[in-house]
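Below: target_20.tsv (TSV, C-alpha atoms)
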chain	number	residue	atom	x	y	z
A	1	MET	CA	-29.13	2.40	6.82
A	2	PRO	CA	-31.54	5.15	5.84
A	3	GLU	CA	-30.00	8.53	6.44
A	4	PRO	CA	-31.25	11.97	5.41
A	5	ALA	CA	-29.10	13.24	2.59
A	6	THR	CA	-27.75	16.76	2.52
A	7	ALA	CA	-29.21	19.26	0.09
A	8	PRO	CA	-27.99	18.57	-3.44
A	9	ASP	CA	-25.63	21.07	-4.98
A	10	ALA	CA	-27.16	23.19	-7.74
A	11	ASN	CA	-24.04	22.74	-9.92
A	12	VAL	CA	-24.13	18.95	-9.75
A	13	PRO	CA	-27.47	17.32	-10.40
A	14	ALA	CA	-28.04	14.27	-8.21
A	15	GLY	CA	-28.92	12.24	-11.28
A	16	MET	CA	-25.71	13.02	-13.13
A	17	MET	CA	-23.97	10.00	-14.63
A	18	GLU	CA	-21.15	8.53	-12.62
A	19	GLY	CA	-18.70	8.82	-15.52
A	20	ASP	CA	-19.34	12.56	-15.82
A	21	LEU	CA	-18.88	13.03	-12.10
A	22	VAL	CA	-15.60	11.11	-12.20
A	23	ARG	CA	-14.35	13.19	-15.15
A	24	ARG	CA	-15.20	16.42	-13.35
A	25	ALA	CA	-13.64	15.19	-10.11
A	26	ARG	CA	-10.45	14.26	-11.98
A	27	ARG	CA	-10.20	17.87	-13.08
A	28	GLY	CA	-10.31	18.84	-9.41
A	29	ASP	CA	-14.03	19.63	-9.17
A	30	LEU	CA	-14.74	19.03	-5.48
A	31	THR	CA	-18.46	19.58	-5.92
A	32	ALA	CA	-18.61	16.61	-8.27
A	33	TYR	CA	-16.50	14.57	-5.88
A	34	ASP	CA	-18.79	15.52	-3.02
A	35	GLU	CA	-21.65	13.99	-4.99
A	36	LEU	CA	-19.63	10.80	-5.55
A	37	VAL	CA	-18.87	10.58	-1.83
A	38	LYS	CA	-22.57	10.97	-1.01
A	39	ARG	CA	-23.43	8.15	-3.39
A	40	TYR	CA	-21.05	5.63	-1.86
A	41	GLN	CA	-20.44	6.80	1.70
A	42	GLU	CA	-22.95	4.40	3.29
A	43	ARG	CA	-21.71	1.32	1.47
A	44	ILE	CA	-18.04	2.11	2.02
A	45	TYR	CA	-18.56	2.92	5.69
A	46	ALA	CA	-20.65	-0.22	6.23
A	47	THR	CA	-18.09	-2.48	4.56
A	48	ILE	CA	-15.25	-1.11	6.66
A	49	TYR	CA	-17.37	-1.16	9.81
A	50	HIS	CA	-18.31	-4.82	9.31
A	51	MET	CA	-14.63	-5.64	8.76
A	52	THR	CA	-13.39	-3.80	11.86
A	53	ALA	CA	-16.41	-3.96	14.22
A	54	ASN	CA	-15.42	-0.50	15.38
A	55	HIS	CA	-17.27	2.70	14.52
A	56	GLU	CA	-14.37	5.09	15.14
A	57	ASP	CA	-11.94	3.05	13.06
A	58	ALA	CA	-14.54	2.71	10.30
A	59	ASN	CA	-15.09	6.45	10.30
A	60	ASP	CA	-11.37	7.22	9.97
A	61	LEU	CA	-10.76	4.55	7.36
A	62	ALA	CA	-13.80	5.50	5.28
A	63	GLN	CA	-12.75	9.16	5.20
A	64	GLU	CA	-9.16	8.22	4.37
A	65	SER	CA	-10.36	5.90	1.61
A	66	PHE	CA	-12.29	8.71	-0.06
A	67	ILE	CA	-9.36	11.11	0.35
A	68	LYS	CA	-6.98	8.56	-1.11
A	69	ALA	CA	-9.37	7.86	-3.98
A	70	PHE	CA	-9.47	11.57	-4.82
A	71	SER	CA	-5.69	11.83	-4.83
A	72	ALA	CA	-5.42	8.69	-6.98
A	73	LEU	CA	-8.20	9.62	-9.42
A	74	LYS	CA	-5.63	10.45	-12.11
A	75	SER	CA	-4.45	6.83	-12.03
A	76	PHE	CA	-8.02	5.55	-12.42
A	77	LYS	CA	-8.00	4.24	-15.97
A	78	GLY	CA	-11.69	3.38	-16.09
A	79	GLY	CA	-11.01	-0.32	-16.70
A	80	SER	CA	-13.42	-1.13	-13.90
A	81	SER	CA	-16.30	0.88	-12.51
A	82	PHE	CA	-15.52	3.69	-10.10
A	83	TYR	CA	-17.52	1.85	-7.48
A	84	THR	CA	-15.38	-1.32	-7.77
A	85	TRP	CA	-12.19	0.74	-7.77
A	86	LEU	CA	-13.32	2.64	-4.68
A	87	TYR	CA	-14.21	-0.59	-2.92
A	88	ARG	CA	-10.74	-1.95	-3.70
A	89	ILE	CA	-9.10	1.08	-2.12
A	90	ALA	CA	-11.29	0.80	0.99
A	91	ILE	CA	-10.70	-2.94	1.36
A	92	ASN	CA	-6.92	-2.61	0.90
A	93	LYS	CA	-6.79	0.22	3.40
A	94	THR	CA	-8.83	-1.75	5.91
A	95	ILE	CA	-6.78	-4.93	5.51
A	96	ASN	CA	-3.52	-2.98	5.95
A	97	PHE	CA	-4.97	-1.38	9.07
A	98	LEU	CA	-6.10	-4.73	10.48
A	99	LYS	CA	-2.70	-6.29	9.81
A	100	GLN	CA	-1.00	-3.50	11.75
A	101	ARG	CA	-3.48	-3.92	14.60
A	102	ARG	CA	-3.34	-7.72	14.60
A	103	ASN	CA	-4.71	-9.34	17.77
A	104	LYS	CA	-5.57	-5.96	19.26
A	105	HIS	CA	-9.25	-5.80	18.41
A	106	HIS	CA	-11.33	-3.23	20.18
A	107	ILE	CA	-15.03	-3.64	19.51
A	108	SER	CA	-17.17	-0.52	19.33
A	109	LEU	CA	-20.46	-1.53	17.78
A	110	ASP	CA	-23.12	0.60	16.20
A	111	ASP	CA	-26.62	0.35	17.61
A	112	LEU	CA	-29.23	-1.90	16.08
A	113	ASP	CA	-32.04	-0.12	14.34
A	114	PHE	CA	-35.67	-0.40	15.39
A	115	ASN	CA	-36.49	-2.89	12.63
A	116	ALA	CA	-34.13	-5.52	13.99
A	117	GLU	CA	-36.54	-6.55	16.70
A	118	HIS	CA	-39.27	-7.08	14.14
A	119	ASP	CA	-37.23	-8.91	11.55
A	120	PRO	CA	-38.94	-12.31	11.25
A	121	ASP	CA	-35.66	-14.12	10.56
A	122	LEU	CA	-34.05	-12.68	13.67
A	123	VAL	CA	-37.12	-13.27	15.77
A	124	ALA	CA	-37.04	-16.89	14.65
A	125	LEU	CA	-33.39	-17.13	15.58
A	126	ILE	CA	-33.91	-16.09	19.17
A	127	SER	CA	-37.03	-18.18	19.55
A	128	GLU	CA	-37.34	-21.25	21.71
A	129	LYS	CA	-35.75	-23.47	19.08
A	130	THR	CA	-32.39	-21.76	19.46
A	131	PRO	CA	-30.02	-23.64	21.80
A	132	GLN	CA	-29.17	-20.41	23.66
A	133	ARG	CA	-32.72	-19.41	24.51
A	134	ASP	CA	-32.03	-16.54	26.86
A	135	ILE	CA	-29.90	-14.54	24.50
A	136	ASN	CA	-31.14	-11.16	23.30
A	137	LEU	CA	-30.34	-9.35	20.08
A	138	SER	CA	-27.54	-7.23	21.55
A	139	GLU	CA	-25.72	-10.26	22.86
A	140	LEU	CA	-26.23	-12.02	19.58
A	141	GLN	CA	-24.80	-8.99	17.79
A	142	GLU	CA	-21.71	-9.09	19.99
A	143	LYS	CA	-21.18	-12.82	19.50
A	144	LEU	CA	-21.61	-12.45	15.74
A	145	ASN	CA	-19.04	-9.66	15.55
A	146	GLU	CA	-16.59	-11.60	17.69
A	147	ALA	CA	-16.99	-14.60	15.42
A	148	LEU	CA	-16.39	-12.46	12.32
A	149	LEU	CA	-13.22	-11.04	13.85
A	150	ARG	CA	-11.91	-14.57	14.29
A	151	LEU	CA	-11.93	-15.08	10.52
A	152	SER	CA	-8.85	-14.21	8.49
A	153	GLU	CA	-9.07	-10.92	6.59
A	154	PRO	CA	-9.59	-12.50	3.13
A	155	HIS	CA	-12.38	-14.73	4.44
A	156	ARG	CA	-14.01	-11.92	6.40
A	157	THR	CA	-13.88	-9.69	3.33
A	158	VAL	CA	-15.77	-12.20	1.21
A	159	VAL	CA	-18.44	-12.89	3.85
A	160	VAL	CA	-18.97	-9.19	4.54
A	161	LEU	CA	-19.17	-8.28	0.88
A	162	HIS	CA	-21.44	-11.13	-0.15
A	163	ASP	CA	-23.59	-12.14	2.82
A	164	VAL	CA	-23.89	-8.74	4.47
A	165	GLN	CA	-23.48	-6.24	1.63
A	166	GLY	CA	-24.99	-8.34	-1.13
A	167	VAL	CA	-22.15	-7.87	-3.61
A	168	SER	CA	-22.06	-10.50	-6.37
A	169	HIS	CA	-19.30	-13.08	-6.72
A	170	GLU	CA	-18.10	-11.46	-9.95
A	171	GLU	CA	-17.82	-8.02	-8.39
A	172	ILE	CA	-16.03	-9.44	-5.33
A	173	ALA	CA	-13.53	-11.15	-7.61
A	174	GLU	CA	-12.89	-7.82	-9.30
A	175	ILE	CA	-12.61	-5.93	-6.02
A	176	VAL	CA	-10.35	-8.45	-4.30
A	177	GLY	CA	-8.33	-9.23	-7.42
A	178	CYS	CA	-8.83	-13.00	-7.63
A	179	ASN	CA	-10.96	-15.37	-9.69
A	180	ILE	CA	-14.54	-16.32	-8.97
A	181	GLY	CA	-13.58	-19.85	-7.92
A	182	THR	CA	-11.39	-18.43	-5.18
A	183	VAL	CA	-14.24	-16.18	-4.03
A	184	ARG	CA	-16.61	-19.15	-3.84
A	185	SER	CA	-14.16	-21.37	-1.98
A	186	ARG	CA	-13.33	-18.58	0.48
A	187	LEU	CA	-17.01	-17.97	1.06
A	188	PHE	CA	-17.67	-21.64	1.68
A	189	TYR	CA	-14.77	-21.98	4.10
A	190	ALA	CA	-15.66	-18.76	5.93
A	191	ARG	CA	-19.28	-19.84	6.37
A	192	GLN	CA	-18.16	-23.22	7.66
A	193	GLN	CA	-15.92	-21.55	10.20
A	194	LEU	CA	-18.61	-19.10	11.26
A	195	GLN	CA	-21.09	-21.89	11.67
A	196	GLY	CA	-18.65	-23.60	13.99
A	197	PHE	CA	-17.99	-20.45	16.01
A	198	LEU	CA	-21.69	-19.71	16.33
A	199	ALA	CA	-22.97	-23.24	16.79
A	200	ASP	CA	-24.66	-22.34	20.08
A	201	TYR	CA	-26.69	-19.60	18.46
A	202	ILE	CA	-27.78	-21.34	15.30
A	203	LYS	CA	-30.43	-23.98	15.14
A	204	ALA	CA	-28.96	-27.43	14.53
B	1	MET	CA	-19.97	-26.04	-2.61
B	2	SER	CA	-23.51	-24.91	-3.03
B	3	ASP	CA	-25.28	-23.31	-0.13
B	4	THR	CA	-28.15	-25.77	-0.16
B	5	ASN	CA	-25.87	-28.76	0.35
B	6	ASN	CA	-24.38	-27.29	3.48
B	7	ASN	CA	-27.43	-25.57	4.93
B	8	PHE	CA	-26.01	-22.14	5.68
B	9	GLU	CA	-29.52	-20.69	5.77
B	10	ASP	CA	-29.51	-20.08	9.53
B	11	LEU	CA	-26.11	-18.49	9.36
B	12	LYS	CA	-27.28	-16.21	6.57
B	13	ARG	CA	-30.29	-15.28	8.67
B	14	LEU	CA	-28.00	-14.48	11.57
B	15	LEU	CA	-25.75	-12.40	9.32
B	16	LYS	CA	-28.79	-10.29	8.44
B	17	LEU	CA	-28.41	-8.83	11.91
B	18	LYS	CA	-25.35	-6.97	10.66
B	19	ARG	CA	-27.51	-5.02	8.24
B	20	HIS	CA	-29.44	-3.56	11.15
B	21	GLU	CA	-26.34	-2.00	12.69
B	22	ILE	CA	-26.46	1.73	12.04
B	23	PRO	CA	-24.08	4.57	12.90
B	24	PRO	CA	-25.24	7.43	15.19
B	25	PRO	CA	-28.09	9.56	13.81
B	26	GLY	CA	-26.93	12.30	11.47
B	27	TYR	CA	-23.59	10.65	10.90
B	28	PHE	CA	-23.82	10.70	7.11
B	29	THR	CA	-25.16	14.26	7.02
B	30	HIS	CA	-21.68	15.68	7.50
B	31	PHE	CA	-19.58	12.83	6.18
B	32	SER	CA	-19.01	14.07	2.63
B	33	GLY	CA	-18.47	17.60	3.91
B	34	ASP	CA	-15.76	16.36	6.26
B	35	VAL	CA	-14.07	14.46	3.44
B	36	VAL	CA	-14.11	17.46	1.12
B	37	ALA	CA	-12.85	19.72	3.93
B	38	ARG	CA	-9.93	17.38	4.55
B	39	ILE	CA	-9.15	17.32	0.82
B	40	ARG	CA	-9.25	21.12	0.73
B	41	ALA	CA	-6.92	21.19	3.74
B	42	GLY	CA	-4.38	19.46	1.54
B	43	GLU	CA	-4.45	15.92	2.81
B	44	ALA	CA	-5.02	14.41	-0.60
B	45	GLY	CA	-1.43	14.86	-1.74
B	46	GLY	CA	0.20	13.51	1.36
B	47	ALA	CA	-2.26	10.75	2.05
B	48	GLN	CA	-0.73	8.41	-0.51
B	49	ASN	CA	2.37	6.77	0.82
B	50	ILE	CA	4.72	4.66	-1.25
B	51	LEU	CA	3.03	1.38	-0.36
B	52	GLU	CA	-0.39	2.68	-1.33
B	53	ARG	CA	0.97	4.12	-4.56
B	54	ILE	CA	2.40	0.72	-5.44
B	55	GLN	CA	-0.91	-0.92	-4.65
B	56	SER	CA	-2.84	1.36	-6.94
B	57	ASP	CA	-0.28	1.64	-9.76
B	58	SER	CA	1.27	-1.81	-9.87
B	59	PRO	CA	-0.93	-4.71	-8.77
B	60	PHE	CA	1.90	-7.20	-9.50
B	61	MET	CA	4.29	-5.44	-7.14
B	62	ALA	CA	1.51	-5.16	-4.56
B	63	ALA	CA	0.86	-8.90	-4.78
B	64	LEU	CA	4.59	-9.57	-4.45
B	65	LEU	CA	4.82	-7.35	-1.38
B	66	GLN	CA	1.77	-9.04	0.10
B	67	LEU	CA	3.39	-12.43	-0.46
B	68	PHE	CA	6.58	-11.27	1.23
B	69	GLY	CA	4.57	-9.82	4.10
B	70	ALA	CA	2.60	-13.00	4.59
B	71	ARG	CA	5.60	-15.34	4.21
B	72	PRO	CA	8.85	-13.81	5.41
B	73	GLY	CA	10.60	-17.11	4.62
B	74	VAL	CA	9.92	-16.57	0.91
B	75	PHE	CA	11.41	-13.10	1.17
B	76	GLY	CA	14.52	-14.54	2.87
B	77	ALA	CA	14.89	-17.23	0.24
B	78	VAL	CA	14.55	-14.74	-2.63
B	79	ALA	CA	17.04	-12.35	-0.99
B	80	THR	CA	19.55	-15.18	-0.39
B	81	GLY	CA	19.11	-16.34	-3.98
B	82	LEU	CA	19.79	-12.84	-5.30
B	83	CYS	CA	22.90	-12.50	-3.12
B	84	LEU	CA	24.22	-15.87	-4.36
B	85	LEU	CA	23.50	-14.86	-7.94
B	86	LEU	CA	25.44	-11.63	-7.41
B	87	LEU	CA	28.36	-13.51	-5.84
B	88	VAL	CA	28.47	-16.01	-8.70
B	89	GLY	CA	28.36	-13.12	-11.16
B	90	VAL	CA	31.29	-11.37	-9.48
B	91	LEU	CA	33.34	-14.58	-9.39
B	92	PHE	CA	32.55	-15.29	-13.02
B	93	MET	CA	33.63	-11.79	-14.04
B	94	ASP	CA	36.93	-12.21	-12.19
B	95	ARG	CA	37.68	-15.47	-13.95
B	96	SER	CA	36.67	-14.24	-17.38
B	97	GLU	CA	39.21	-11.36	-17.25
B	98	PRO	CA	42.56	-12.94	-16.29
B	99	GLY	CA	44.57	-9.94	-17.61
B	100	SER	CA	42.96	-7.65	-15.14
B	101	ALA	CA	44.13	-9.69	-12.17
B	102	PRO	CA	47.36	-8.49	-10.57
B	103	THR	CA	50.33	-10.70	-11.53
B	104	PRO	CA	53.30	-11.56	-9.29
B	105	GLU	CA	55.57	-9.38	-11.50
B	106	LEU	CA	53.35	-6.38	-10.89
B	107	PHE	CA	53.49	-7.00	-7.17
B	108	ALA	CA	57.28	-7.13	-7.32
B	109	GLN	CA	57.50	-3.93	-9.38
B	110	SER	CA	55.20	-2.03	-7.08
B	111	ALA	CA	57.22	-3.19	-4.07
B	112	ALA	CA	60.43	-1.80	-5.61
B	113	GLU	CA	58.96	1.62	-6.38
B	114	PRO	CA	58.20	4.05	-3.56
B	115	SER	CA	54.60	4.79	-3.00
B	116	PRO	CA	53.19	8.09	-4.35
B	117	ILE	CA	52.80	9.40	-0.83
B	118	LEU	CA	56.44	8.76	-0.09
B	119	ALA	CA	57.43	10.23	-3.43
B	120	ALA	CA	55.64	13.47	-2.70
B	121	SER	CA	57.22	13.88	0.70
B	122	THR	CA	60.84	13.11	-0.27
B	123	PRO	CA	63.12	15.28	-2.45
B	124	LEU	CA	63.16	14.17	-6.05
B	125	GLU	CA	65.91	14.07	-8.62
B	126	PRO	CA	65.37	16.43	-11.53
B	127	ALA	CA	64.78	14.80	-14.86
B	128	ASP	CA	66.74	15.62	-18.03
B	129	ASN	CA	64.31	18.30	-19.13
B	130	GLY	CA	64.45	20.03	-15.75
B	131	ILE	CA	60.98	19.05	-14.67
B	132	THR	CA	60.68	17.11	-11.51
B	133	VAL	CA	58.69	14.01	-12.17
B	134	SER	CA	56.28	13.45	-9.41
B	135	THR	CA	52.80	12.15	-8.84
B	136	ASN	CA	52.16	15.22	-6.76
B	137	PRO	CA	50.10	17.51	-9.02
B	138	VAL	CA	51.51	20.61	-7.36
B	139	SER	CA	55.18	19.82	-7.49
B	140	SER	CA	55.26	17.90	-10.77
B	141	LEU	CA	55.30	20.99	-13.00
B	142	GLN	CA	57.62	23.03	-10.82
B	143	PRO	CA	60.97	23.62	-12.60
B	144	ALA	CA	63.92	22.38	-10.65
B	145	ASN	CA	66.79	24.71	-9.86
B	146	THR	CA	70.00	24.15	-11.78
B	147	LEU	CA	73.50	25.20	-10.90
B	148	PHE	CA	73.93	27.48	-13.93
B	149	GLY	CA	71.24	30.09	-14.33
B	150	SER	CA	67.74	29.61	-15.46
B	151	PRO	CA	66.16	26.25	-15.45
B	152	GLN	CA	66.19	24.26	-18.65
B	153	ASN	CA	62.53	23.89	-19.07
B	154	PRO	CA	61.07	23.49	-22.53
B	155	LEU	CA	57.80	24.86	-21.27
B	156	PHE	CA	59.44	28.23	-20.64
B	157	GLN	CA	61.10	30.36	-23.32
B	158	SER	CA	63.20	33.36	-22.39
B	159	ALA	CA	61.84	36.48	-23.98
B	160	GLY	CA	64.38	38.92	-25.43
B	161	PHE	CA	63.64	42.66	-25.50
B	162	THR	CA	65.49	44.90	-27.84
B	163	PRO	CA	64.41	48.55	-27.91
B	164	ALA	CA	63.76	50.02	-31.34
B	165	GLY	CA	66.65	51.82	-33.00
B	166	GLN	CA	69.44	49.83	-31.34
The structure in this file should be written as structure tokens.
Amino acid sequence: MPEPATAPDANVPAGMMEGDLVRRARRGDLTAYDELVKRYQERIYATIYHMTANHEDANDLAQESFIKAFSALKSFKGGSSFYTWLYRIAINKTINFLKQRRNKHHISLDDLDFNAEHDPDLVALISEKTPQRDINLSELQEKLNEALLRLSEPHRTVVVLHDVQGVSHEEIAEIVGCNIGTVRSRLFYARQQLQGFLADYIKA
Amino acid sequence: MSDTNNNFEDLKRLLKLKRHEIPPPGYFTHFSGDVVARIRAGEAGGAQNILERIQSDSPFMAALLQLFGARPGVFGAVATGLCLLLLVGVLFMDRSEPGSAPTPELFAQSAAEPSPILAASTPLEPADNGITVSTNPVSSLQPANTLFGSPQNPLFQSAGFTPAGQ
């Protein structure tokens, strides 16, 4: 998701170490916190968006996650990285939101970027070998999101973090608060389920 | 459970489609500014409710709450168990202190005596020292009238006044 960044603040160099930024933000320095938000906004938004399949909800939840993280910075002991801690807040917030909104999913998808049509993997998927030959990328996107929403929240979290966001098993275990074995078994089960839901769109 | 054994390659390829989903142009340009503006507006203090505070401060309690939320039956069983434990504790305390239990003699004695409410509302006999004995805090220290002069109350002493030179 390439996005033009805003002009960096003169008081906070863009290359400043994360630990220094966190220390300054803990003292109430909003300029430092602004830099932290800029560093992680895309990843946090994307994670929440892939969990909810709704842009408006993802926007609200991402903003609230950052606000909550700022208010809870004093309780951040530094045992894990700020990034992992922030992810945990965002995931917990999203799961709580999804539990409250159970069975009332409203899909509001973001657009696909220009590169999607030229991605060789995706082109191969919608080629003649796919059982559903007439499907286009937008339909495939919708079916994929519907299938993801059918997964339970813990399974969706693991698939989104690993297969979409590229987060390692170890980091997921830290974020979710379980052991690596649980992450692996959840990932396996979630993939199996997804494969079943999307059997018509995946080559046999 | 390896990926190769189960051939999830096509699924992974399909999941790559998610990475091409992008928010409206310019969305991230104002995102951090909006967050900081909301923090400045004072939302940071109120944004953390009790549940969220528990989740960030006490992971054990958060896990317990999650378990109760996911399985209400467990919550019911734990609550019933605690109630039973409390009941057993109360019964045990009663049995371990037999002196504290009201005896039949006490019941008989209390039946013979008028209740404090009745005692306060009915006229009382003065005691030997002239003070009416009552459970009523107002009337208990009031000296009772006697037939011959001042009341015989040890709390009061009559003061004599003799002018100088007499």
Hey, could you make a per-residue contact list for chain B against chain A with 6 Å as the cut-off, showing the nearest pair of atoms and its distance in Å to one decimal, counting all atoms listed in the file, sorted by chain and number, as a Markdown table?
| residue | atom | partner | partner_atom | distance |
| --- | --- | --- | --- | --- |
| B:Arg13 | CA | A:Asp121 | CA | 5.8 |
| B:His20 | CA | A:Leu112 | CA | 5.2 |
| B:Glu21 | CA | A:Leu112 | CA | 4.5 |
| B:Ile22 | CA | A:Asp110 | CA | 5.5 |
| B:Pro23 | CA | A:Asp110 | CA | 5.3 |
| B:Thr29 | CA | A:Thr6 | CA | 5.8 |
| B:Ser32 | CA | A:Val37 | CA | 5.7 |
| B:Val35 | CA | A:Gln63 | CA | 5.7 |
| B:Ala44 | CA | A:Ser71 | CA | 5.0 |
*Calculate how many Å separate CA of Val167 in chain A from CA of Lys104 in chain A, rounding to one decimal.*
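Here the two named atoms are 28.3 Å from each other.
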*For the atom pair CA of Arg23 in chain A and CA of Lys74 in chain A, what is the interatomic distance in Å to one decimal place?*
9.6 Å
*In Å to one decimal, how far is CA of Glu18 in chain A from CA of Met61 in chain B?*
29.5 Å
Where atoms are lacking, range 175-195 of chain A completed to N, CA and C atoms, as a PDB file, in the coordinates of the input:
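Result went into rebuild_11.pdb, see below:
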ATOM      1  N   ILE A 175     -13.051  -6.795  -7.122  1.00  0.00           N
ATOM      2  CA  ILE A 175     -12.610  -5.930  -6.020  1.00  0.00           C
ATOM      3  C   ILE A 175     -11.368  -6.518  -5.340  1.00  0.00           C
ATOM      4  N   VAL A 176     -11.434  -7.809  -5.060  1.00  0.00           N
ATOM      5  CA  VAL A 176     -10.350  -8.450  -4.300  1.00  0.00           C
ATOM      6  C   VAL A 176      -9.158  -8.782  -5.201  1.00  0.00           C
ATOM      7  N   GLY A 177      -9.414  -8.923  -6.491  1.00  0.00           N
ATOM      8  CA  GLY A 177      -8.330  -9.230  -7.420  1.00  0.00           C
ATOM      9  C   GLY A 177      -8.014 -10.717  -7.490  1.00  0.00           C
ATOM     10  N   CYS A 178      -9.051 -11.551  -7.467  1.00  0.00           N
ATOM     11  CA  CYS A 178      -8.830 -13.000  -7.630  1.00  0.00           C
ATOM     12  C   CYS A 178      -9.936 -13.535  -8.534  1.00  0.00           C
ATOM     13  N   ASN A 179      -9.914 -14.843  -8.812  1.00  0.00           N
ATOM     14  CA  ASN A 179     -10.960 -15.370  -9.690  1.00  0.00           C
ATOM     15  C   ASN A 179     -12.203 -15.779  -8.901  1.00  0.00           C
ATOM     16  N   ILE A 180     -13.260 -16.040  -9.620  1.00  0.00           N
ATOM     17  CA  ILE A 180     -14.540 -16.320  -8.970  1.00  0.00           C
ATOM     18  C   ILE A 180     -14.482 -17.610  -8.147  1.00  0.00           C
ATOM     19  N   GLY A 181     -13.719 -18.583  -8.652  1.00  0.00           N
ATOM     20  CA  GLY A 181     -13.580 -19.850  -7.920  1.00  0.00           C
ATOM     21  C   GLY A 181     -12.992 -19.617  -6.531  1.00  0.00           C
ATOM     22  N   THR A 182     -12.012 -18.744  -6.473  1.00  0.00           N
ATOM     23  CA  THR A 182     -11.390 -18.430  -5.180  1.00  0.00           C
ATOM     24  C   THR A 182     -12.406 -17.761  -4.254  1.00  0.00           C
ATOM     25  N   VAL A 183     -13.203 -16.861  -4.829  1.00  0.00           N
ATOM     26  CA  VAL A 183     -14.240 -16.180  -4.030  1.00  0.00           C
ATOM     27  C   VAL A 183     -15.199 -17.219  -3.453  1.00  0.00           C
ATOM     28  N   ARG A 184     -15.636 -18.141  -4.282  1.00  0.00           N
ATOM     29  CA  ARG A 184     -16.610 -19.150  -3.840  1.00  0.00           C
ATOM     30  C   ARG A 184     -16.016 -20.049  -2.764  1.00  0.00           C
ATOM     31  N   SER A 185     -14.767 -20.467  -2.970  1.00  0.00           N
ATOM     32  CA  SER A 185     -14.160 -21.370  -1.980  1.00  0.00           C
ATOM     33  C   SER A 185     -13.920 -20.638  -0.664  1.00  0.00           C
ATOM     34  N   ARG A 186     -13.529 -19.364  -0.753  1.00  0.00           N
ATOM     35  CA  ARG A 186     -13.330 -18.580   0.480  1.00  0.00           C
ATOM     36  C   ARG A 186     -14.645 -18.408   1.223  1.00  0.00           C
ATOM     37  N   LEU A 187     -15.686 -18.177   0.446  1.00  0.00           N
ATOM     38  CA  LEU A 187     -17.010 -17.970   1.060  1.00  0.00           C
ATOM     39  C   LEU A 187     -17.471 -19.245   1.757  1.00  0.00           C
ATOM     40  N   PHE A 188     -17.268 -20.360   1.105  1.00  0.00           N
ATOM     41  CA  PHE A 188     -17.670 -21.640   1.680  1.00  0.00           C
ATOM     42  C   PHE A 188     -16.913 -21.906   2.986  1.00  0.00           C
ATOM     43  N   TYR A 189     -15.607 -21.710   2.935  1.00  0.00           N
ATOM     44  CA  TYR A 189     -14.770 -21.980   4.100  1.00  0.00           C
ATOM     45  C   TYR A 189     -15.116 -21.024   5.246  1.00  0.00           C
ATOM     46  N   ALA A 190     -15.333 -19.761   4.904  1.00  0.00           N
ATOM     47  CA  ALA A 190     -15.660 -18.760   5.930  1.00  0.00           C
ATOM     48  C   ALA A 190     -16.989 -19.084   6.601  1.00  0.00           C
ATOM     49  N   ARG A 191     -17.972 -19.494   5.802  1.00  0.00           N
ATOM     50  CA  ARG A 191     -19.280 -19.840   6.370  1.00  0.00           C
ATOM     51  C   ARG A 191     -19.164 -21.064   7.288  1.00  0.00           C
ATOM     52  N   GLN A 192     -18.366 -22.020   6.836  1.00  0.00           N
ATOM     53  CA  GLN A 192     -18.160 -23.220   7.660  1.00  0.00           C
ATOM     54  C   GLN A 192     -17.562 -22.841   9.008  1.00  0.00           C
ATOM     55  N   GLN A 193     -16.564 -21.979   8.960  1.00  0.00           N
ATOM     56  CA  GLN A 193     -15.920 -21.550  10.200  1.00  0.00           C
ATOM     57  C   GLN A 193     -16.900 -20.793  11.092  1.00  0.00           C
ATOM     58  N   LEU A 194     -17.644 -19.885  10.482  1.00  0.00           N
ATOM     59  CA  LEU A 194     -18.610 -19.100  11.260  1.00  0.00           C
ATOM     60  C   LEU A 194     -19.656 -19.992  11.897  1.00  0.00           C
ATOM     61  N   GLN A 195     -20.090 -20.972  11.140  1.00  0.00           N
ATOM     62  CA  GLN A 195     -21.090 -21.890  11.670  1.00  0.00           C
ATOM     63  C   GLN A 195     -20.552 -22.631  12.902  1.00  0.00           C
TER      64      GLN A 195
END
